[in-house]
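So this one's run.cif, mmCIF, C-alpha atoms:
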```
data_target
#
loop_
_atom_site.label_atom_id
_atom_site.label_comp_id
_atom_site.auth_asym_id
_atom_site.auth_seq_id
_atom_site.Cartn_x
_atom_site.Cartn_y
_atom_site.Cartn_z
CA MET G 1 0.00 0.00 0.00
CA ILE G 2 1.20 3.46 -0.86
CA SER G 3 -0.17 6.34 1.16
CA ILE G 4 0.33 9.93 0.13
CA ASP G 5 -0.86 12.95 2.07
CA ILE G 6 1.01 16.07 1.01
CA GLU G 7 0.74 19.80 0.57
CA LYS G 8 3.08 21.54 -1.79
CA LYS G 9 3.09 25.20 -2.85
CA LEU G 10 3.30 25.71 -6.60
CA LYS G 11 4.46 28.86 -8.33
CA ALA G 12 1.96 30.11 -10.87
CA TYR G 13 1.69 33.14 -13.14
CA LYS G 14 -0.72 34.79 -10.73
CA GLY G 15 0.84 34.09 -7.34
CA GLN G 16 0.88 30.66 -5.81
CA HIS G 17 -1.49 27.77 -5.45
CA VAL G 18 -1.30 24.72 -3.26
CA LEU G 19 -1.17 21.17 -4.52
CA GLN G 20 -3.05 18.99 -2.04
CA ILE G 21 -3.15 15.25 -2.51
CA LYS G 22 -4.47 12.70 -0.08
CA GLN G 23 -4.69 9.31 -1.68
CA GLN G 24 -3.94 5.65 -1.14
CA PHE G 25 -2.82 3.27 -3.86
CA ALA G 26 -3.07 -0.50 -3.52
CA THR G 27 0.15 -2.40 -4.13
CA GLY G 28 0.32 -3.46 -7.76
CA SER G 29 -2.34 -1.01 -8.86
CA ILE G 30 -2.01 1.22 -11.92
CA THR G 31 -3.32 4.74 -11.54
CA LYS G 32 -3.92 7.36 -14.17
CA ILE G 33 -3.40 10.95 -13.07
CA TYR G 34 -4.72 13.76 -15.21
CA GLY G 35 -5.69 17.36 -14.95
CA PRO G 36 -5.06 20.73 -16.58
CA SER G 37 -1.58 22.01 -17.38
CA GLY G 38 0.11 23.58 -14.39
CA ALA G 39 -2.09 21.73 -11.91
CA GLY G 40 0.96 20.00 -10.42
CA LYS G 41 0.88 16.50 -11.94
CA THR G 42 4.60 16.39 -12.65
CA THR G 43 5.36 18.05 -9.31
CA LEU G 44 3.38 15.31 -7.57
CA LEU G 45 5.53 12.61 -9.19
CA LYS G 46 8.75 14.50 -8.45
CA THR G 47 7.69 14.96 -4.83
CA ILE G 48 7.07 11.24 -4.44
CA ALA G 49 10.43 10.42 -6.06
CA GLY G 50 12.21 12.82 -3.68
CA PHE G 51 13.38 15.39 -6.25
CA THR G 52 11.43 18.13 -4.56
CA GLU G 53 10.11 18.56 -1.03
CA PRO G 54 6.53 19.29 0.02
CA GLU G 55 5.83 21.85 2.74
CA ARG G 56 3.83 19.36 4.75
CA GLY G 57 2.79 15.76 4.70
CA LYS G 58 3.68 12.13 4.70
CA ILE G 59 4.61 9.58 2.05
CA ILE G 60 4.54 5.92 3.06
CA VAL G 61 5.45 3.20 0.58
CA ASN G 62 4.91 -0.44 1.58
CA ASP G 63 5.21 0.44 5.30
CA ALA G 64 8.43 2.39 4.75
CA VAL G 65 8.27 6.10 5.58
CA TRP G 66 9.83 8.03 2.70
CA PHE G 67 8.82 11.46 3.89
CA ASP G 68 7.25 12.82 7.04
CA THR G 69 7.37 16.44 8.13
CA GLU G 70 6.38 15.54 11.70
CA THR G 71 9.22 13.07 12.30
CA LYS G 72 11.50 14.96 9.87
CA VAL G 73 12.09 11.91 7.71
CA ASN G 74 13.12 12.68 4.14
CA LEU G 75 14.73 9.81 2.26
CA PRO G 76 16.96 10.89 -0.63
CA PRO G 77 15.90 9.75 -4.13
CA GLN G 78 18.74 7.19 -4.12
CA ASN G 79 17.14 5.37 -1.18
CA ARG G 80 13.59 5.60 -2.55
CA MET G 81 14.60 4.15 -5.94
CA ALA G 82 11.28 4.88 -7.53
CA GLY G 83 11.43 4.14 -11.26
CA PHE G 84 10.90 7.45 -13.04
CA VAL G 85 10.03 8.07 -16.67
CA PHE G 86 10.63 11.75 -17.38
CA GLN G 87 8.52 13.78 -19.75
CA ASP G 88 11.72 14.93 -21.50
CA TYR G 89 13.06 11.35 -21.23
CA ALA G 90 16.25 12.58 -19.46
CA LEU G 91 18.36 10.11 -21.40
CA PHE G 92 22.11 10.35 -20.90
CA PRO G 93 23.59 11.74 -24.16
CA ASN G 94 26.95 10.05 -23.51
CA MET G 95 25.52 6.52 -23.15
CA THR G 96 24.34 3.99 -25.70
CA VAL G 97 21.08 2.08 -25.28
CA GLN G 98 22.99 -0.85 -23.77
CA GLU G 99 24.96 1.45 -21.45
CA HIS G 100 21.78 3.08 -20.18
CA LEU G 101 20.45 -0.26 -19.02
CA ALA G 102 23.84 -1.51 -17.78
CA TYR G 103 24.14 1.69 -15.71
CA ALA G 104 20.88 0.78 -13.99
CA THR G 105 21.34 -2.98 -13.52
CA THR G 106 23.95 -5.72 -13.84
CA ASP G 107 21.31 -8.37 -14.59
CA THR G 108 22.15 -9.18 -18.23
CA GLU G 109 19.16 -11.49 -18.72
CA TRP G 110 16.83 -8.75 -17.54
CA ILE G 111 18.50 -6.29 -19.90
CA LYS G 112 17.98 -8.70 -22.83
CA ARG G 113 14.32 -9.05 -21.95
CA LEU G 114 13.83 -5.32 -21.63
CA LEU G 115 15.48 -4.74 -24.99
CA ALA G 116 13.10 -7.26 -26.54
CA ILE G 117 10.06 -5.64 -24.95
CA GLY G 118 11.09 -2.19 -26.15
CA LYS G 119 12.13 -3.53 -29.57
CA LEU G 120 15.50 -1.86 -29.09
CA GLY G 121 17.66 -4.95 -29.70
CA PRO G 122 19.04 -3.69 -33.02
CA PHE G 123 19.93 -0.32 -31.50
CA THR G 124 22.02 -1.30 -28.48
CA THR G 125 25.09 0.65 -29.68
CA HIS G 126 23.10 3.77 -30.55
CA LYS G 127 23.26 6.90 -28.47
CA PRO G 128 19.98 8.81 -27.85
CA GLU G 129 20.65 11.39 -30.58
CA TYR G 130 20.51 8.56 -33.14
CA LEU G 131 17.17 7.21 -31.91
CA SER G 132 13.74 8.36 -33.00
CA GLY G 133 11.44 10.08 -30.50
CA GLY G 134 9.50 6.87 -29.97
CA GLN G 135 12.66 4.83 -29.45
CA GLN G 136 13.94 7.39 -26.95
CA GLN G 137 10.70 7.22 -25.03
CA ARG G 138 10.81 3.41 -24.96
CA LEU G 139 14.40 3.53 -23.71
CA ALA G 140 13.33 5.91 -20.93
CA ILE G 141 10.66 3.40 -19.87
CA LEU G 142 13.09 0.44 -20.03
CA ARG G 143 15.69 2.30 -17.97
CA ALA G 144 13.13 3.00 -15.25
CA LEU G 145 12.10 -0.67 -15.25
CA ALA G 146 15.70 -1.90 -15.21
CA ILE G 147 15.96 -1.37 -11.44
CA LYS G 148 12.80 -3.48 -10.90
CA PRO G 149 11.19 -0.71 -8.86
CA LYS G 150 8.39 -1.22 -6.38
CA LEU G 151 6.94 2.11 -7.43
CA LEU G 152 7.00 3.37 -11.01
CA LEU G 153 6.27 7.02 -11.77
CA MET G 154 5.62 7.81 -15.43
CA ASP G 155 5.22 11.33 -16.77
CA GLU G 156 3.46 11.29 -20.16
CA PRO G 157 5.25 8.04 -21.03
CA PHE G 158 3.51 7.19 -24.30
CA SER G 159 3.17 10.64 -25.90
CA ALA G 160 5.73 10.02 -28.67
CA LEU G 161 4.60 6.52 -29.61
CA ASP G 162 2.50 5.68 -32.64
CA PRO G 163 -0.76 3.79 -31.88
CA ASP G 164 0.57 0.36 -32.94
CA ASN G 165 3.79 0.63 -30.93
CA LYS G 166 1.87 2.06 -28.01
CA SER G 167 -0.67 -0.75 -27.72
CA ALA G 168 2.02 -3.44 -28.25
CA LEU G 169 4.20 -1.87 -25.56
CA ILE G 170 1.29 -1.47 -23.16
CA GLU G 171 0.44 -5.17 -23.51
CA GLU G 172 4.05 -6.08 -22.67
CA LEU G 173 4.17 -3.61 -19.80
CA LYS G 174 1.02 -5.07 -18.27
CA ILE G 175 2.81 -8.43 -17.97
CA ILE G 176 5.96 -6.85 -16.55
CA PHE G 177 4.01 -4.73 -14.06
CA ARG G 178 2.19 -7.86 -12.83
CA GLU G 179 5.42 -9.84 -12.58
CA LEU G 180 7.20 -7.14 -10.60
CA GLY G 181 4.15 -6.34 -8.49
CA VAL G 182 4.97 -2.72 -9.10
CA THR G 183 2.60 0.11 -8.23
CA VAL G 184 2.36 2.50 -11.14
CA LEU G 185 1.32 6.15 -11.31
CA ILE G 186 0.96 7.50 -14.83
CA VAL G 187 0.50 11.18 -15.60
CA THR G 188 -1.34 11.84 -18.82
CA HIS G 189 -2.91 14.89 -20.42
CA ASN G 190 -5.48 12.77 -22.21
CA PRO G 191 -8.17 11.30 -19.91
CA ARG G 192 -9.15 8.69 -22.51
CA GLU G 193 -5.62 7.48 -22.98
CA LEU G 194 -4.74 4.28 -21.14
CA ASP G 195 -8.32 3.10 -20.76
CA GLY G 196 -8.15 -0.59 -19.96
CA LEU G 197 -4.63 -0.34 -18.51
CA THR G 198 -5.36 1.54 -15.32
CA ASP G 199 -7.35 0.48 -12.26
CA LEU G 200 -7.84 3.92 -10.77
CA GLU G 201 -7.82 7.51 -11.90
CA ILE G 202 -7.31 10.71 -10.00
CA ILE G 203 -7.74 14.25 -11.19
CA VAL G 204 -5.33 16.94 -10.08
CA GLN G 205 -7.05 20.30 -10.23
CA MET W 1 69.77 30.68 -26.65
CA ASP W 2 68.50 29.90 -23.15
CA LEU W 3 65.36 27.75 -23.35
CA THR W 4 64.89 27.58 -19.58
CA PRO W 5 62.18 30.31 -19.56
CA ILE W 6 60.13 28.30 -22.08
CA TYR W 7 60.57 25.12 -20.02
CA LEU W 8 59.63 26.96 -16.81
CA THR W 9 56.56 28.46 -18.48
CA LEU W 10 55.33 25.10 -19.75
CA LYS W 11 56.01 23.48 -16.37
CA LEU W 12 54.15 26.27 -14.57
CA ALA W 13 51.19 26.04 -16.96
CA ALA W 14 51.00 22.23 -16.70
CA ILE W 15 51.16 22.16 -12.88
CA THR W 16 48.69 25.04 -12.55
CA THR W 17 46.21 23.43 -14.94
CA LEU W 18 46.43 20.05 -13.24
CA LEU W 19 45.96 21.50 -9.74
CA LEU W 20 43.17 23.80 -10.91
CA LEU W 21 41.38 20.87 -12.50
CA VAL W 22 41.42 19.03 -9.17
CA ILE W 23 40.29 22.13 -7.27
CA GLY W 24 37.99 23.52 -9.97
CA LEU W 25 35.79 20.50 -10.68
CA PRO W 26 34.25 20.14 -7.20
CA VAL W 27 34.05 23.91 -6.70
CA ALA W 28 32.32 24.42 -10.09
CA TRP W 29 29.89 21.60 -9.33
CA TRP W 30 29.09 23.06 -5.91
CA LEU W 31 28.63 26.57 -7.33
CA SER W 32 26.36 25.24 -10.09
CA ARG W 33 23.89 23.90 -7.53
CA GLY W 34 21.52 26.54 -6.17
CA ARG W 35 22.29 30.05 -5.00
CA SER W 36 23.15 31.49 -1.62
CA PHE W 37 24.85 34.70 -0.55
CA PHE W 38 27.96 32.76 0.40
CA LYS W 39 28.14 31.17 -3.06
CA ILE W 40 27.65 34.53 -4.79
CA ALA W 41 30.39 36.08 -2.64
CA LEU W 42 32.78 33.21 -3.33
CA GLU W 43 32.07 33.36 -7.05
CA ALA W 44 32.76 37.09 -7.02
CA ILE W 45 36.11 36.49 -5.31
CA ILE W 46 37.01 33.76 -7.83
CA THR W 47 36.09 36.11 -10.69
CA MET W 48 38.09 39.09 -9.35
CA PRO W 49 41.32 38.21 -11.22
CA LEU W 50 39.44 38.71 -14.50
CA VAL W 51 39.00 42.41 -13.78
CA LEU W 52 41.71 43.21 -11.27
CA PRO W 53 45.08 44.48 -12.57
CA PRO W 54 47.51 41.54 -12.23
CA SER W 55 49.99 43.77 -10.44
CA VAL W 56 47.39 44.49 -7.73
CA LEU W 57 46.80 40.79 -7.17
CA GLY W 58 50.55 40.17 -7.23
CA PHE W 59 51.14 42.98 -4.75
CA TYR W 60 48.67 41.55 -2.23
CA LEU W 61 50.06 38.05 -2.68
CA LEU W 62 53.54 39.46 -2.11
CA LEU W 63 52.36 41.09 1.11
CA ALA W 64 50.42 38.01 2.26
CA PHE W 65 53.24 35.56 1.68
CA SER W 66 56.15 37.74 2.65
CA PRO W 67 58.25 35.68 5.11
CA GLN W 68 58.55 38.73 7.36
CA HIS W 69 54.99 38.62 8.69
CA GLY W 70 51.54 37.03 8.66
CA ILE W 71 50.83 33.83 6.76
CA GLY W 72 54.23 33.94 5.04
CA LEU W 73 56.05 34.04 8.37
CA TRP W 74 53.89 31.21 9.74
CA LEU W 75 54.49 29.04 6.65
CA GLN W 76 58.20 29.71 6.86
CA LYS W 77 58.40 28.84 10.57
CA THR W 78 56.01 25.87 10.55
CA PHE W 79 56.70 24.16 7.23
CA ASP W 80 59.89 25.88 6.08
CA VAL W 81 58.01 26.91 2.93
CA GLN W 82 58.58 30.22 1.21
CA PHE W 83 56.30 31.33 -1.60
CA VAL W 84 57.82 34.70 -2.38
CA PHE W 85 60.51 34.62 -5.11
CA SER W 86 60.14 30.88 -5.62
CA PHE W 87 58.57 28.61 -8.23
CA LYS W 88 56.01 27.47 -5.62
CA GLY W 89 54.91 31.09 -5.34
CA LEU W 90 54.41 31.27 -9.09
CA VAL W 91 52.20 28.16 -8.93
CA LEU W 92 50.14 29.63 -6.08
CA ALA W 93 49.73 32.96 -7.86
CA SER W 94 48.85 31.24 -11.14
CA ILE W 95 46.20 29.09 -9.46
CA ILE W 96 44.51 32.17 -8.03
CA TYR W 97 44.95 34.20 -11.22
CA SER W 98 43.69 31.50 -13.62
CA MET W 99 40.94 30.11 -11.39
CA PRO W 100 38.04 31.87 -13.21
CA PHE W 101 39.18 30.38 -16.51
CA MET W 102 38.84 26.85 -15.11
CA ILE W 103 35.76 27.27 -12.95
CA GLY W 104 33.69 29.57 -15.20
CA PRO W 105 33.21 27.30 -18.24
CA ILE W 106 32.71 24.16 -16.13
CA LYS W 107 30.14 25.83 -13.89
CA SER W 108 28.19 27.25 -16.83
CA ALA W 109 28.17 23.89 -18.60
CA LEU W 110 26.93 22.09 -15.49
CA GLN W 111 24.19 24.68 -15.03
CA GLN W 112 23.03 24.18 -18.60
CA LEU W 113 22.52 20.44 -18.17
CA PRO W 114 18.86 19.67 -17.43
CA ALA W 115 18.21 18.84 -13.77
CA SER W 116 16.39 15.72 -14.95
CA LEU W 117 19.73 14.11 -15.94
CA SER W 118 20.94 14.06 -12.34
CA GLN W 119 17.48 13.13 -11.10
CA ALA W 120 17.30 10.19 -13.51
CA SER W 121 20.63 8.95 -12.20
CA TYR W 122 19.59 9.39 -8.56
CA SER W 123 16.37 7.47 -9.22
CA LEU W 124 18.54 4.54 -10.34
CA GLY W 125 20.16 4.54 -6.90
CA LYS W 126 23.37 6.29 -7.98
CA SER W 127 25.20 8.57 -5.56
CA ARG W 128 26.09 12.18 -6.32
CA TRP W 129 29.69 11.15 -6.97
CA GLN W 130 28.68 8.36 -9.40
CA THR W 131 26.29 10.77 -11.12
CA PHE W 132 29.00 13.41 -11.43
CA ILE W 133 31.58 11.01 -12.88
CA LYS W 134 29.34 8.89 -15.12
CA VAL W 135 26.65 11.33 -16.24
CA LEU W 136 27.54 14.99 -15.71
CA LEU W 137 31.24 15.06 -16.53
CA PRO W 138 31.03 13.12 -19.84
CA ASN W 139 28.30 15.49 -21.00
CA ILE W 140 30.33 18.66 -20.49
CA LYS W 141 33.46 17.41 -22.29
CA PRO W 142 33.70 20.35 -24.73
CA SER W 143 33.46 22.89 -21.91
CA LEU W 144 35.91 20.89 -19.81
CA LEU W 145 38.43 20.92 -22.63
CA THR W 146 37.84 24.63 -23.18
CA ALA W 147 38.45 25.28 -19.48
CA ILE W 148 41.68 23.22 -19.47
CA VAL W 149 43.07 24.93 -22.57
CA LEU W 150 42.06 28.43 -21.49
CA THR W 151 43.69 27.88 -18.10
CA PHE W 152 46.87 26.52 -19.69
CA ALA W 153 47.04 29.30 -22.30
CA HIS W 154 46.26 32.01 -19.77
CA THR W 155 49.01 30.76 -17.46
CA LEU W 156 51.47 30.83 -20.37
CA GLY W 157 50.76 34.53 -20.80
CA GLU W 158 50.92 35.64 -17.16
CA PHE W 159 53.20 38.55 -16.51
CA GLY W 160 52.30 41.08 -13.83
CA VAL W 161 51.31 38.68 -11.10
CA VAL W 162 54.29 36.36 -11.56
CA LEU W 163 56.70 39.29 -11.72
CA MET W 164 55.36 40.68 -8.46
CA ILE W 165 55.54 37.46 -6.46
CA GLY W 166 58.35 35.69 -8.27
CA GLY W 167 60.61 38.42 -9.50
CA ASN W 168 63.05 37.64 -12.28
CA ILE W 169 65.33 34.88 -11.05
CA PRO W 170 66.88 32.94 -13.96
CA GLY W 171 66.05 29.24 -13.80
CA VAL W 172 63.61 29.72 -10.91
CA THR W 173 60.98 32.35 -11.68
CA ARG W 174 62.07 33.81 -15.01
CA VAL W 175 59.24 32.56 -17.20
CA ALA W 176 58.96 33.33 -20.94
CA SER W 177 56.78 36.44 -20.61
CA ILE W 178 59.28 37.96 -18.17
CA ALA W 179 62.16 36.90 -20.42
CA VAL W 180 60.50 38.79 -23.31
CA TYR W 181 60.22 41.93 -21.19
CA ASP W 182 63.78 41.52 -19.93
CA SER W 183 65.16 41.03 -23.44
CA VAL W 184 63.38 44.12 -24.75
CA GLU W 185 64.77 46.16 -21.85
CA GLN W 186 68.22 45.02 -22.89
CA MET W 187 67.42 45.91 -26.53
CA ASP W 188 67.84 42.24 -27.48
CA TYR W 189 64.91 42.13 -29.89
CA HIS W 190 66.00 38.88 -31.50
CA THR W 191 65.70 36.89 -28.25
CA ALA W 192 62.44 38.66 -27.37
CA ASN W 193 61.09 37.74 -30.79
CA VAL W 194 62.01 34.06 -30.41
CA TYR W 195 60.36 33.76 -26.98
CA SER W 196 57.31 35.62 -28.26
CA LEU W 197 57.00 33.45 -31.35
CA VAL W 198 57.22 30.25 -29.28
CA LEU W 199 54.51 31.51 -26.90
CA PHE W 200 52.36 32.64 -29.81
CA ALA W 201 52.73 29.29 -31.62
CA ILE W 202 51.93 27.17 -28.56
CA THR W 203 48.87 29.26 -27.69
CA PHE W 204 47.61 29.31 -31.27
CA VAL W 205 47.93 25.52 -31.66
CA LEU W 206 46.11 24.97 -28.37
CA VAL W 207 43.24 27.29 -29.16
CA ILE W 208 42.80 25.98 -32.70
CA ALA W 209 42.83 22.40 -31.38
CA VAL W 210 39.94 23.26 -29.06
CA PHE W 211 37.97 24.85 -31.88
CA ILE W 212 38.50 21.77 -34.09
CA PHE W 213 37.60 19.34 -31.30
CA ASN W 214 34.51 21.26 -30.34
CA LYS W 215 33.43 21.54 -33.98
CA TYR W 216 33.21 17.77 -34.07
CA GLN W 217 31.20 17.93 -30.85
CA LEU W 218 28.84 20.30 -32.69
CA LYS W 219 29.16 22.90 -29.98
CA SER W 220 30.85 26.23 -29.77
CA PRO W 221 33.93 26.06 -27.55
CA LEU W 222 32.72 29.21 -25.83
CA GLU W 223 29.38 27.71 -24.85
#
```

Please express the file's structure as structure tokens.
Amino acid sequence: MISIDIEKKLKAYKGQHVLQIKQQFATGSITKIYGPSGAGKTTLLKTIAGFTEPERGKIIVNDAVWFDTETKVNLPPQNRMAGFVFQDYALFPNMTVQEHLAYATTDTEWIKRLLAIGKLGPFTTHKPEYLSGGQQQRLAILRALAIKPKLLLMDEPFSALDPDNKSALIEELKIIFRELGVTVLIVTHNPRELDGLTDLEIIVQ
Amino acid sequence: MDLTPIYLTLKLAAITTLLLLVIGLPVAWWLSRGRSFFKIALEAIITMPLVLPPSVLGFYLLLAFSPQHGIGLWLQKTFDVQFVFSFKGLVLASIIYSMPFMIGPIKSALQQLPASLSQASYSLGKSRWQTFIKVLLPNIKPSLLTAIVLTFAHTLGEFGVVLMIGGNIPGVTRVASIAVYDSVEQMDYHTANVYSLVLFAITFVLVIAVFIFNKYQLKSPLE
């Protein structure tokens, strides 16, 4: 079970507004998060991952306290190890596809499987600048999965994929998610996207 | 013709660049992360040699490290080290004088990298050190090379600051730029010309090498 109860101030064009989220997510569930631009969807994911700090609240993941303002617990991102798929992919320009995955894990069998899922086998020696947008996005997803996270945070993870690649990848990801027992939070700008994949949806206003 | 000034200059530039690389990398990384008054003040101090007359910097270093008083006296008594009128003094002065040329480009390059690169690495369980070595540093290679070459070339051309703290001791502190000045004073234009040409050639080759390397990296060396 993942329990999130946070308050985080967000800077906006006209002053500030407060992102307030109080939600529980069952272990292994897949949740779709959507809402208008600037509502704080990405900030919510970054707060959970530990990249930014909320003003108040508590984040508990599988009985482990990741963040608590009362007891002053604030685990660094390295200790949370939440898989994170960035909206801008955040691929490392100096690393090839293979090096990206090898940087995350030493499990070569797992790397082979991930490459097959992402259909990136023929591109293992390619650096991100020589991959298409869709391939880059798939690599970003594979890299996040490489650490076999217990919590996976995905920020617009399928936006650059064509419909065929997207549905094929989603089918594969469903199997992987089940196998790993990972809890997944997916931010999307399109409420109809991911229908059939997710168990729960929340709207960030 | 005495080539010792050229040798001393190259030795000074190499040692200064190496030491500044070791000092500059962590300082540039630290300065690139967030802002505080202390960081701004430190950055201003590091940048001062860019705008301060070298003789002013040399004068204060001469005062600070004079073995008659203050830090200089303490260093002399405690460690038997004397910076004034010694090669060690030239290295110290060069480190201070060339520091902005090493730290500036590295800091700017680190600041231009998206924060998500570090965050992606942290989310994979990597420490700050691993992230710096494996992710950040390889992605600022052109700027790193620019910083190294600028520092080396700038040290080759130092004059005022090294003259103030080192004087003009043949074989010890008489670097090429001082030898040029000395030769001109003695109306020996031929020797001055040879030293000048060697300095010019070395600097030109270095700078053009950076431009060529960075062209292949598809980035301006001054980025």

(Q) Using only C-alpha atoms, I'd like every residue of chain W that has an atom within 10 Å of chain G; please write them out as number ranges by chain. (A) W: 114-128, 134-141

Selected residues, C-alpha atoms, written as a PDB file, keeping the file's coordinate frame, please.
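Everything below was put into selection37.pdb:
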```pdb
ATOM      1  CA  PRO W 114      18.860  19.670 -17.430  1.00  0.00           C
ATOM      2  CA  ALA W 115      18.210  18.840 -13.770  1.00  0.00           C
ATOM      3  CA  SER W 116      16.390  15.720 -14.950  1.00  0.00           C
ATOM      4  CA  LEU W 117      19.730  14.110 -15.940  1.00  0.00           C
ATOM      5  CA  SER W 118      20.940  14.060 -12.340  1.00  0.00           C
ATOM      6  CA  GLN W 119      17.480  13.130 -11.100  1.00  0.00           C
ATOM      7  CA  ALA W 120      17.300  10.190 -13.510  1.00  0.00           C
ATOM      8  CA  SER W 121      20.630   8.950 -12.200  1.00  0.00           C
ATOM      9  CA  TYR W 122      19.590   9.390  -8.560  1.00  0.00           C
ATOM     10  CA  SER W 123      16.370   7.470  -9.220  1.00  0.00           C
ATOM     11  CA  LEU W 124      18.540   4.540 -10.340  1.00  0.00           C
ATOM     12  CA  GLY W 125      20.160   4.540  -6.900  1.00  0.00           C
ATOM     13  CA  LYS W 126      23.370   6.290  -7.980  1.00  0.00           C
ATOM     14  CA  SER W 127      25.200   8.570  -5.560  1.00  0.00           C
ATOM     15  CA  ARG W 128      26.090  12.180  -6.320  1.00  0.00           C
ATOM     16  CA  LYS W 134      29.340   8.890 -15.120  1.00  0.00           C
ATOM     17  CA  VAL W 135      26.650  11.330 -16.240  1.00  0.00           C
ATOM     18  CA  LEU W 136      27.540  14.990 -15.710  1.00  0.00           C
ATOM     19  CA  LEU W 137      31.240  15.060 -16.530  1.00  0.00           C
ATOM     20  CA  PRO W 138      31.030  13.120 -19.840  1.00  0.00           C
ATOM     21  CA  ASN W 139      28.300  15.490 -21.000  1.00  0.00           C
ATOM     22  CA  ILE W 140      30.330  18.660 -20.490  1.00  0.00           C
ATOM     23  CA  LYS W 141      33.460  17.410 -22.290  1.00  0.00           C
TER      24      LYS W 141
END
```

(Q) Set the distance at 12 Å and use all atoms listed in the file: which residues neighbour segment 121-124 of chain G once local chain neighbours fewer than 3 positions away are removed? I'd like the list as a list of chain:residue names. (A)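 Counting all atoms listed in the file, the residues come to G:Met95, G:Thr96, G:Val97, G:Gln98, G:Glu99, G:His100, G:Leu101, G:Ala102, G:Ile111, G:Lys112, G:Arg113, G:Leu114, G:Leu115, G:Ala116, G:Ile117, G:Gly118, G:Lys127, G:Pro128, G:Glu129, G:Tyr130, G:Leu131, G:Ser132, G:Gln135, G:Gln136, G:Arg138, G:Leu139, G:Leu142.
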
Run the PyMOL selection byres ((chain G and resi 158) around 12) mentally over the shown coordinates, then write out the matched residues as a PDB file with C-alpha atoms, in the coordinates of the input, using the chain letters and numbers from the document.
```pdb
ATOM      1  CA  VAL G  85      10.030   8.070 -16.670  1.00  0.00           C
ATOM      2  CA  PHE G  86      10.630  11.750 -17.380  1.00  0.00           C
ATOM      3  CA  GLN G  87       8.520  13.780 -19.750  1.00  0.00           C
ATOM      4  CA  ASP G  88      11.720  14.930 -21.500  1.00  0.00           C
ATOM      5  CA  TYR G  89      13.060  11.350 -21.230  1.00  0.00           C
ATOM      6  CA  GLY G 133      11.440  10.080 -30.500  1.00  0.00           C
ATOM      7  CA  GLY G 134       9.500   6.870 -29.970  1.00  0.00           C
ATOM      8  CA  GLN G 135      12.660   4.830 -29.450  1.00  0.00           C
ATOM      9  CA  GLN G 136      13.940   7.390 -26.950  1.00  0.00           C
ATOM     10  CA  GLN G 137      10.700   7.220 -25.030  1.00  0.00           C
ATOM     11  CA  ARG G 138      10.810   3.410 -24.960  1.00  0.00           C
ATOM     12  CA  LEU G 139      14.400   3.530 -23.710  1.00  0.00           C
ATOM     13  CA  ALA G 140      13.330   5.910 -20.930  1.00  0.00           C
ATOM     14  CA  ILE G 141      10.660   3.400 -19.870  1.00  0.00           C
ATOM     15  CA  MET G 154       5.620   7.810 -15.430  1.00  0.00           C
ATOM     16  CA  ASP G 155       5.220  11.330 -16.770  1.00  0.00           C
ATOM     17  CA  GLU G 156       3.460  11.290 -20.160  1.00  0.00           C
ATOM     18  CA  PRO G 157       5.250   8.040 -21.030  1.00  0.00           C
ATOM     19  CA  SER G 159       3.170  10.640 -25.900  1.00  0.00           C
ATOM     20  CA  ALA G 160       5.730  10.020 -28.670  1.00  0.00           C
ATOM     21  CA  LEU G 161       4.600   6.520 -29.610  1.00  0.00           C
ATOM     22  CA  ASP G 162       2.500   5.680 -32.640  1.00  0.00           C
ATOM     23  CA  PRO G 163      -0.760   3.790 -31.880  1.00  0.00           C
ATOM     24  CA  ASP G 164       0.570   0.360 -32.940  1.00  0.00           C
ATOM     25  CA  ASN G 165       3.790   0.630 -30.930  1.00  0.00           C
ATOM     26  CA  LYS G 166       1.870   2.060 -28.010  1.00  0.00           C
ATOM     27  CA  SER G 167      -0.670  -0.750 -27.720  1.00  0.00           C
ATOM     28  CA  ALA G 168       2.020  -3.440 -28.250  1.00  0.00           C
ATOM     29  CA  LEU G 169       4.200  -1.870 -25.560  1.00  0.00           C
ATOM     30  CA  ILE G 170       1.290  -1.470 -23.160  1.00  0.00           C
ATOM     31  CA  LEU G 173       4.170  -3.610 -19.800  1.00  0.00           C
ATOM     32  CA  ILE G 186       0.960   7.500 -14.830  1.00  0.00           C
ATOM     33  CA  VAL G 187       0.500  11.180 -15.600  1.00  0.00           C
ATOM     34  CA  THR G 188      -1.340  11.840 -18.820  1.00  0.00           C
ATOM     35  CA  HIS G 189      -2.910  14.890 -20.420  1.00  0.00           C
ATOM     36  CA  ASN G 190      -5.480  12.770 -22.210  1.00  0.00           C
ATOM     37  CA  GLU G 193      -5.620   7.480 -22.980  1.00  0.00           C
ATOM     38  CA  LEU G 194      -4.740   4.280 -21.140  1.00  0.00           C
TER      39      LEU G 194
END
```

Q: Enumerate, as a ChimeraX atom specification, the residues matched when the PyMOL selection byres ((chain W and resi 179-184) around 10) is run on the file above.
A: /W:2,4-6,159,168,170,173-178,185-196

Q. What lies within 6 Å of Phe152 of chain W using all atoms listed in the file, ignoring chain neighbours under 2 positions off, as a list of chain:residue names?
A.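 Those residues are W:Ala13, W:Thr17, W:Val149, W:Leu150, W:His154, W:Thr155.
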
Q. On this structure, which residues satisfy the PyMOL selection byres ((chain G and resi 151) around 8), written as JSON, numbers by chain?
A. {"G": [82, 83, 149, 150, 152, 153, 182, 183, 184, 185]}

Residues of the last selection are to be written out with C-alpha atoms, as a compact mmCIF listing (two decimals), in the frame of the given file.
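Now in out32.txt:
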```
# COMPACT_ATOMS: atom_id res chain seq x y z
CA ALA G 82 11.28 4.88 -7.53
CA GLY G 83 11.43 4.14 -11.26
CA PRO G 149 11.19 -0.71 -8.86
CA LYS G 150 8.39 -1.22 -6.38
CA LEU G 152 7.00 3.37 -11.01
CA LEU G 153 6.27 7.02 -11.77
CA VAL G 182 4.97 -2.72 -9.10
CA THR G 183 2.60 0.11 -8.23
CA VAL G 184 2.36 2.50 -11.14
CA LEU G 185 1.32 6.15 -11.31
```
